[in-house]
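Here is query.cif, consisting of mmCIF, N, CA and C atoms:
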```cif
data_structure
loop_
_atom_site.label_atom_id
_atom_site.label_comp_id
_atom_site.auth_asym_id
_atom_site.auth_seq_id
_atom_site.Cartn_x
_atom_site.Cartn_y
_atom_site.Cartn_z
N MET A 1 13.50 36.75 61.78
CA MET A 1 13.10 36.62 60.38
C MET A 1 14.35 36.63 59.52
N GLN A 2 14.42 35.70 58.58
CA GLN A 2 15.58 35.60 57.70
C GLN A 2 15.31 36.35 56.39
N GLU A 3 16.33 37.07 55.93
CA GLU A 3 16.18 37.86 54.71
C GLU A 3 16.74 37.10 53.52
N ASN A 4 15.98 37.01 52.44
CA ASN A 4 16.46 36.36 51.21
C ASN A 4 17.17 37.39 50.34
N THR A 5 18.41 37.11 50.00
CA THR A 5 19.14 37.99 49.09
C THR A 5 19.74 37.15 47.98
N GLN A 6 19.78 37.71 46.80
CA GLN A 6 20.38 37.04 45.66
C GLN A 6 21.46 37.93 45.08
N THR A 7 22.53 37.32 44.67
CA THR A 7 23.59 38.03 43.99
C THR A 7 23.65 37.53 42.56
N VAL A 8 23.54 38.45 41.63
CA VAL A 8 23.62 38.10 40.22
C VAL A 8 25.02 38.47 39.75
N THR A 9 25.72 37.48 39.23
CA THR A 9 27.08 37.69 38.74
C THR A 9 27.08 37.65 37.23
N LYS A 10 27.56 38.71 36.63
CA LYS A 10 27.64 38.78 35.17
C LYS A 10 29.03 38.31 34.76
N THR A 11 29.07 37.27 33.96
CA THR A 11 30.37 36.76 33.51
C THR A 11 30.76 37.43 32.21
N THR A 12 32.06 37.59 32.04
CA THR A 12 32.57 38.20 30.81
C THR A 12 33.22 37.16 29.92
N ALA A 13 33.12 35.90 30.31
CA ALA A 13 33.72 34.84 29.51
C ALA A 13 32.99 34.72 28.18
N ALA A 14 33.75 34.52 27.14
CA ALA A 14 33.16 34.38 25.80
C ALA A 14 32.43 33.05 25.70
N PRO A 15 31.29 33.04 25.01
CA PRO A 15 30.59 31.78 24.83
C PRO A 15 31.41 30.81 23.99
N LYS A 16 31.19 29.54 24.21
CA LYS A 16 31.91 28.52 23.46
C LYS A 16 31.51 28.61 21.99
N PRO A 17 32.49 28.65 21.08
CA PRO A 17 32.13 28.75 19.66
C PRO A 17 31.42 27.49 19.17
N GLN A 18 30.53 27.67 18.22
CA GLN A 18 29.86 26.54 17.59
C GLN A 18 30.84 25.87 16.65
N THR A 19 30.70 24.57 16.50
CA THR A 19 31.58 23.82 15.61
C THR A 19 30.74 23.10 14.57
N VAL A 20 31.17 23.20 13.32
CA VAL A 20 30.51 22.52 12.21
C VAL A 20 31.53 21.58 11.59
N LYS A 21 31.15 20.33 11.40
CA LYS A 21 32.04 19.37 10.75
C LYS A 21 31.40 18.93 9.44
N ARG A 22 32.24 18.85 8.40
CA ARG A 22 31.76 18.43 7.09
C ARG A 22 32.80 17.53 6.47
N LYS A 23 32.38 16.38 6.01
CA LYS A 23 33.30 15.46 5.36
C LYS A 23 33.09 15.56 3.86
N ILE A 24 34.17 15.86 3.16
CA ILE A 24 34.16 15.93 1.70
C ILE A 24 35.22 14.96 1.21
N GLY A 25 34.78 13.91 0.55
CA GLY A 25 35.71 12.86 0.15
C GLY A 25 36.26 12.18 1.38
N LYS A 26 37.58 12.09 1.46
CA LYS A 26 38.23 11.46 2.60
C LYS A 26 38.71 12.49 3.63
N THR A 27 38.39 13.76 3.40
CA THR A 27 38.86 14.83 4.29
C THR A 27 37.69 15.35 5.11
N THR A 28 37.91 15.47 6.42
CA THR A 28 36.91 16.05 7.32
C THR A 28 37.35 17.46 7.68
N TYR A 29 36.48 18.43 7.43
CA TYR A 29 36.75 19.83 7.75
C TYR A 29 35.97 20.19 9.01
N GLU A 30 36.63 20.92 9.91
CA GLU A 30 35.99 21.37 11.14
C GLU A 30 36.09 22.88 11.19
N LEU A 31 34.96 23.54 11.32
CA LEU A 31 34.90 24.99 11.32
C LEU A 31 34.33 25.46 12.65
N SER A 32 35.04 26.34 13.33
CA SER A 32 34.57 26.90 14.59
C SER A 32 34.04 28.30 14.31
N LEU A 33 32.84 28.58 14.78
CA LEU A 33 32.19 29.86 14.57
C LEU A 33 32.03 30.59 15.89
N HIS A 34 32.28 31.87 15.88
CA HIS A 34 31.97 32.68 17.05
C HIS A 34 31.53 34.06 16.58
N PHE A 35 30.70 34.68 17.36
CA PHE A 35 30.16 35.98 17.03
C PHE A 35 30.41 36.95 18.17
N SER A 36 30.79 38.14 17.84
CA SER A 36 31.05 39.16 18.84
C SER A 36 29.76 39.57 19.54
N GLN A 37 29.80 39.68 20.83
CA GLN A 37 28.65 40.12 21.60
C GLN A 37 28.48 41.64 21.56
N THR A 38 29.52 42.35 21.11
CA THR A 38 29.48 43.81 21.09
C THR A 38 29.41 44.38 19.68
N SER A 39 29.29 43.54 18.69
CA SER A 39 29.27 44.00 17.31
C SER A 39 28.02 44.82 17.02
N THR A 40 28.18 45.85 16.21
CA THR A 40 27.03 46.66 15.81
C THR A 40 26.68 46.43 14.35
N GLU A 41 27.46 45.61 13.67
CA GLU A 41 27.25 45.33 12.26
C GLU A 41 26.35 44.10 12.10
N ARG A 42 25.33 44.22 11.26
CA ARG A 42 24.46 43.08 11.00
C ARG A 42 25.17 42.09 10.09
N MET A 43 24.74 40.85 10.12
CA MET A 43 25.36 39.81 9.30
C MET A 43 25.25 40.15 7.82
N SER A 44 24.10 40.65 7.39
CA SER A 44 23.91 41.00 5.97
C SER A 44 24.87 42.12 5.56
N ASP A 45 25.12 43.09 6.46
CA ASP A 45 26.08 44.16 6.17
C ASP A 45 27.49 43.60 6.01
N LYS A 46 27.83 42.66 6.86
CA LYS A 46 29.17 42.07 6.81
C LYS A 46 29.36 41.30 5.50
N VAL A 47 28.35 40.52 5.10
CA VAL A 47 28.45 39.74 3.86
C VAL A 47 28.60 40.69 2.67
N MET A 48 27.82 41.76 2.64
CA MET A 48 27.92 42.72 1.54
C MET A 48 29.32 43.37 1.50
N ARG A 49 29.85 43.71 2.67
CA ARG A 49 31.19 44.31 2.74
C ARG A 49 32.24 43.33 2.23
N LEU A 50 32.13 42.07 2.63
CA LEU A 50 33.08 41.06 2.17
C LEU A 50 33.00 40.88 0.66
N LEU A 51 31.79 40.83 0.11
CA LEU A 51 31.63 40.68 -1.34
C LEU A 51 32.20 41.89 -2.08
N GLU A 52 31.91 43.09 -1.59
CA GLU A 52 32.43 44.29 -2.23
C GLU A 52 33.95 44.33 -2.20
N ASN A 53 34.54 43.95 -1.06
CA ASN A 53 36.00 43.92 -0.95
C ASN A 53 36.60 42.88 -1.90
N ASP A 54 35.96 41.74 -2.01
CA ASP A 54 36.44 40.68 -2.89
C ASP A 54 36.38 41.12 -4.35
N LEU A 55 35.28 41.75 -4.75
CA LEU A 55 35.12 42.21 -6.12
C LEU A 55 36.11 43.32 -6.46
N SER A 56 36.35 44.24 -5.54
CA SER A 56 37.27 45.33 -5.82
C SER A 56 38.72 44.84 -5.85
N ALA A 57 39.03 43.77 -5.16
CA ALA A 57 40.39 43.20 -5.16
C ALA A 57 40.69 42.50 -6.47
N LYS A 58 39.67 42.07 -7.20
CA LYS A 58 39.86 41.33 -8.44
C LYS A 58 40.00 42.26 -9.65
N LYS A 59 39.84 43.55 -9.47
CA LYS A 59 39.95 44.50 -10.59
C LYS A 59 41.38 44.74 -10.95
#
```
Encoded form using structure tokens:
Amino acid sequence: MQENTQTVTKTTAAPKPQTVKRKIGKTTYELSLHFSQTSTERMSDKVMRLLENDLSAKK
């Protein structure tokens, strides 16, 4: 009788970042996005922190 065994390999390679392209006038902008797999901060928290930092820097 033959035994079926499976090996599950967990990779630690980072996922390929998403790319967004936008053409404005004659210039094409390319933006690469990536998100941390270990982050504990929600996106809304990050946006609020960035806005607060930007506002406090302008004082």
- Any idea what the distance is between atom N of Lys16 (chain A) and CA of Leu51 (chain A)? 27.9 Å
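Of note, CA of Lys26 (chain A) and CA of Asp54 (chain A) are spaced 29.8 Å apart.
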- Residues picked by the PyMOL selection byres (((chain A and resi 31 and name CA) around 12) and name CA) here, as a PyMOL selection string? chain A and resi 17-23+28-30+32-34
- Interatomic distance between CA of Phe35 (chain A) and CA of Val47 (chain A)? 13.8 Å
